[in-house]
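Undergrad: A single structure is presented below for examination.
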Amino acid sequence: MDIFSKGAIVQPRQLRRLNGKTVVFEGGEEGRIAYPLVIIKRGKEFEHVSLRNHRVFNEILKVRSGKVIIAERVNQKSPLYSTGKGVNHVKDGVSYWRKKNK
């Protein structure tokens with residue numbers, strides 16, 4: 001299972017696909033993913049925390065893209081589950097090594 005499936009458990013390495021999305025932490029703080037970091041704005045300063053740190057990953061409550069929730073935790077102890085919304089598969093016909101025939 002991957003982050004496109006509803007109910008899949010999201011691993012820290014899978015957040016690479018979610019660059020630029022908003023992360024909500026347990027304390028209510030919000031940050032943006034710039035893998036392998038999350039950039040959090042506190043007042044006028046920016047703080048960087050690593051997503052590879054297991055403690056930081058466990059504090060993530062939700063991952064959002066605008067108003068759409070991509071992944072969330074049911075409670076503090078549960079894993080981060082994907083909702084199956086907000087992340088698109090690779091578009092058809094896109095290839096980096098072969099041109100599309102018209």
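Naming scheme: A, B, ... for chains in displayed order of the structure tokens; residues 1 onward per chain; ligands 1 onward as shown.
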Leaving out segment 10-23 of chain A and any residue of its chain fewer than 6 positions from it, which residues lie within 10 Å of it when counting only C-alpha atoms, given as an NGL selection string?
TA: :A and (1-3 or 29-40 or 51-54 or 57-58 or 60-67 or 69-72 or 79-82 or 86-87)
Undergrad: Would you list, as a PyMOL selection string, the residues of chain A that end up in alpha helix (DSSP H) under DSSP run on this structure's backbone?
TA: chain A and resi 54-58
Undergrad: Residues as selected, N, CA, C and O atoms, written as a PDB file, in the first residue's frame, can you do that?
TA:
```
ATOM      1  N   HIS A  54      12.602  10.449  14.623  1.00  0.00           N
ATOM      2  CA  HIS A  54      11.389   9.688  14.922  1.00  0.00           C
ATOM      3  C   HIS A  54      10.446  10.455  15.856  1.00  0.00           C
ATOM      4  O   HIS A  54       9.229  10.392  15.706  1.00  0.00           O
ATOM      5  N   ARG A  55      11.005  11.197  16.807  1.00  0.00           N
ATOM      6  CA  ARG A  55      10.182  11.952  17.754  1.00  0.00           C
ATOM      7  C   ARG A  55       9.414  13.069  17.039  1.00  0.00           C
ATOM      8  O   ARG A  55       8.233  13.308  17.323  1.00  0.00           O
ATOM      9  N   VAL A  56      10.055  13.744  16.100  1.00  0.00           N
ATOM     10  CA  VAL A  56       9.394  14.806  15.332  1.00  0.00           C
ATOM     11  C   VAL A  56       8.284  14.224  14.469  1.00  0.00           C
ATOM     12  O   VAL A  56       7.180  14.758  14.399  1.00  0.00           O
ATOM     13  N   PHE A  57       8.554  13.078  13.824  1.00  0.00           N
ATOM     14  CA  PHE A  57       7.540  12.450  12.970  1.00  0.00           C
ATOM     15  C   PHE A  57       6.320  12.023  13.786  1.00  0.00           C
ATOM     16  O   PHE A  57       5.185  12.131  13.320  1.00  0.00           O
ATOM     17  N   ASN A  58       6.540  11.561  15.014  1.00  0.00           N
ATOM     18  CA  ASN A  58       5.424  11.137  15.862  1.00  0.00           C
ATOM     19  C   ASN A  58       4.576  12.306  16.349  1.00  0.00           C
ATOM     20  O   ASN A  58       3.444  12.102  16.780  1.00  0.00           O
TER      21      ASN A  58
END
```
Undergrad: Quick check for you: according to DSSP on this backbone, which residues of segment 14-62 of chain A are classed as strand (DSSP E or B)? Reply as a PyMOL selection string.
TA: chain A and resi 22-25+30-34+37-42+45-50+60-62
Undergrad: Let's have the selection written as a PDB file, in the first residue's frame, with N, CA and C atoms.
TA:
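Generated file (out39.pdb):
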```pdb
ATOM      1  N   THR A  22       1.489  21.336   3.870  1.00  0.00           N
ATOM      2  CA  THR A  22       1.465  21.856   5.231  1.00  0.00           C
ATOM      3  C   THR A  22       1.357  20.725   6.238  1.00  0.00           C
ATOM      4  N   VAL A  23       2.132  20.826   7.311  1.00  0.00           N
ATOM      5  CA  VAL A  23       2.118  19.847   8.393  1.00  0.00           C
ATOM      6  C   VAL A  23       1.595  20.539   9.642  1.00  0.00           C
ATOM      7  N   VAL A  24       0.666  19.882  10.352  1.00  0.00           N
ATOM      8  CA  VAL A  24       0.142  20.406  11.612  1.00  0.00           C
ATOM      9  C   VAL A  24       0.652  19.507  12.735  1.00  0.00           C
ATOM     10  N   PHE A  25       1.306  20.113  13.731  1.00  0.00           N
ATOM     11  CA  PHE A  25       1.841  19.361  14.865  1.00  0.00           C
ATOM     12  C   PHE A  25       0.837  19.347  16.006  1.00  0.00           C
ATOM     13  N   GLU A  30       2.210  24.984  12.712  1.00  0.00           N
ATOM     14  CA  GLU A  30       2.156  24.548  11.324  1.00  0.00           C
ATOM     15  C   GLU A  30       3.498  24.800  10.668  1.00  0.00           C
ATOM     16  N   GLY A  31       3.845  23.923   9.724  1.00  0.00           N
ATOM     17  CA  GLY A  31       5.085  24.063   8.994  1.00  0.00           C
ATOM     18  C   GLY A  31       4.924  23.522   7.587  1.00  0.00           C
ATOM     19  N   ARG A  32       5.931  23.748   6.756  1.00  0.00           N
ATOM     20  CA  ARG A  32       5.919  23.246   5.380  1.00  0.00           C
ATOM     21  C   ARG A  32       7.013  22.200   5.212  1.00  0.00           C
ATOM     22  N   ILE A  33       6.693  21.173   4.423  1.00  0.00           N
ATOM     23  CA  ILE A  33       7.664  20.112   4.180  1.00  0.00           C
ATOM     24  C   ILE A  33       8.639  20.556   3.101  1.00  0.00           C
ATOM     25  N   ALA A  34       9.914  20.477   3.415  1.00  0.00           N
ATOM     26  CA  ALA A  34      11.006  20.648   2.453  1.00  0.00           C
ATOM     27  C   ALA A  34      11.935  19.487   2.743  1.00  0.00           C
ATOM     28  N   LEU A  37      13.418  18.181   5.766  1.00  0.00           N
ATOM     29  CA  LEU A  37      13.145  19.117   6.855  1.00  0.00           C
ATOM     30  C   LEU A  37      11.689  19.561   6.842  1.00  0.00           C
ATOM     31  N   VAL A  38      11.247  20.080   7.980  1.00  0.00           N
ATOM     32  CA  VAL A  38       9.997  20.824   8.073  1.00  0.00           C
ATOM     33  C   VAL A  38      10.381  22.213   8.541  1.00  0.00           C
ATOM     34  N   ILE A  39       9.896  23.234   7.837  1.00  0.00           N
ATOM     35  CA  ILE A  39      10.222  24.619   8.181  1.00  0.00           C
ATOM     36  C   ILE A  39       9.027  25.194   8.933  1.00  0.00           C
ATOM     37  N   ILE A  40       9.257  25.580  10.196  1.00  0.00           N
ATOM     38  CA  ILE A  40       8.209  26.105  11.063  1.00  0.00           C
ATOM     39  C   ILE A  40       8.477  27.582  11.295  1.00  0.00           C
ATOM     40  N   LYS A  41       7.431  28.402  11.135  1.00  0.00           N
ATOM     41  CA  LYS A  41       7.568  29.836  11.398  1.00  0.00           C
ATOM     42  C   LYS A  41       7.088  30.118  12.811  1.00  0.00           C
ATOM     43  N   ARG A  42       7.992  30.656  13.623  1.00  0.00           N
ATOM     44  CA  ARG A  42       7.675  31.028  14.999  1.00  0.00           C
ATOM     45  C   ARG A  42       7.941  32.508  15.154  1.00  0.00           C
ATOM     46  N   GLU A  45      10.831  34.402  13.068  1.00  0.00           N
ATOM     47  CA  GLU A  45      11.951  33.509  12.778  1.00  0.00           C
ATOM     48  C   GLU A  45      11.458  32.181  12.222  1.00  0.00           C
ATOM     49  N   PHE A  46      12.335  31.524  11.477  1.00  0.00           N
ATOM     50  CA  PHE A  46      12.036  30.207  10.931  1.00  0.00           C
ATOM     51  C   PHE A  46      12.917  29.182  11.628  1.00  0.00           C
ATOM     52  N   GLU A  47      12.320  28.037  11.964  1.00  0.00           N
ATOM     53  CA  GLU A  47      13.060  26.958  12.604  1.00  0.00           C
ATOM     54  C   GLU A  47      12.950  25.713  11.731  1.00  0.00           C
ATOM     55  N   HIS A  48      14.041  24.984  11.597  1.00  0.00           N
ATOM     56  CA  HIS A  48      14.076  23.772  10.796  1.00  0.00           C
ATOM     57  C   HIS A  48      14.157  22.566  11.715  1.00  0.00           C
ATOM     58  N   VAL A  49      13.310  21.572  11.463  1.00  0.00           N
ATOM     59  CA  VAL A  49      13.385  20.311  12.191  1.00  0.00           C
ATOM     60  C   VAL A  49      13.425  19.169  11.178  1.00  0.00           C
ATOM     61  N   SER A  50      14.095  18.097  11.523  1.00  0.00           N
ATOM     62  CA  SER A  50      14.293  16.984  10.604  1.00  0.00           C
ATOM     63  C   SER A  50      13.136  15.994  10.682  1.00  0.00           C
ATOM     64  N   ILE A  60       3.594  14.752  14.388  1.00  0.00           N
ATOM     65  CA  ILE A  60       2.763  15.222  13.280  1.00  0.00           C
ATOM     66  C   ILE A  60       1.344  14.715  13.471  1.00  0.00           C
ATOM     67  N   LEU A  61       0.383  15.635  13.425  1.00  0.00           N
ATOM     68  CA  LEU A  61      -1.024  15.282  13.599  1.00  0.00           C
ATOM     69  C   LEU A  61      -1.725  15.164  12.248  1.00  0.00           C
ATOM     70  N   LYS A  62      -1.465  16.108  11.329  1.00  0.00           N
ATOM     71  CA  LYS A  62      -2.104  16.115  10.016  1.00  0.00           C
ATOM     72  C   LYS A  62      -1.124  16.592   8.957  1.00  0.00           C
TER      73      LYS A  62
END
```
Undergrad: To one decimal place in Å, what is the distance between atom CA of Thr83 of chain A and atom CA of Glu59 of chain A?
TA: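 Interatomic distance here is 18.1 Å.
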Undergrad: For atom CA of Gly27 of chain A and atom CA of Asn88 of chain A, determine how far apart the two atoms are, in Å to one decimal place.
TA: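 So the two atoms, atom CA of Gly27 of chain A and atom CA of Asn88 of chain A, lie 29.1 Å apart.
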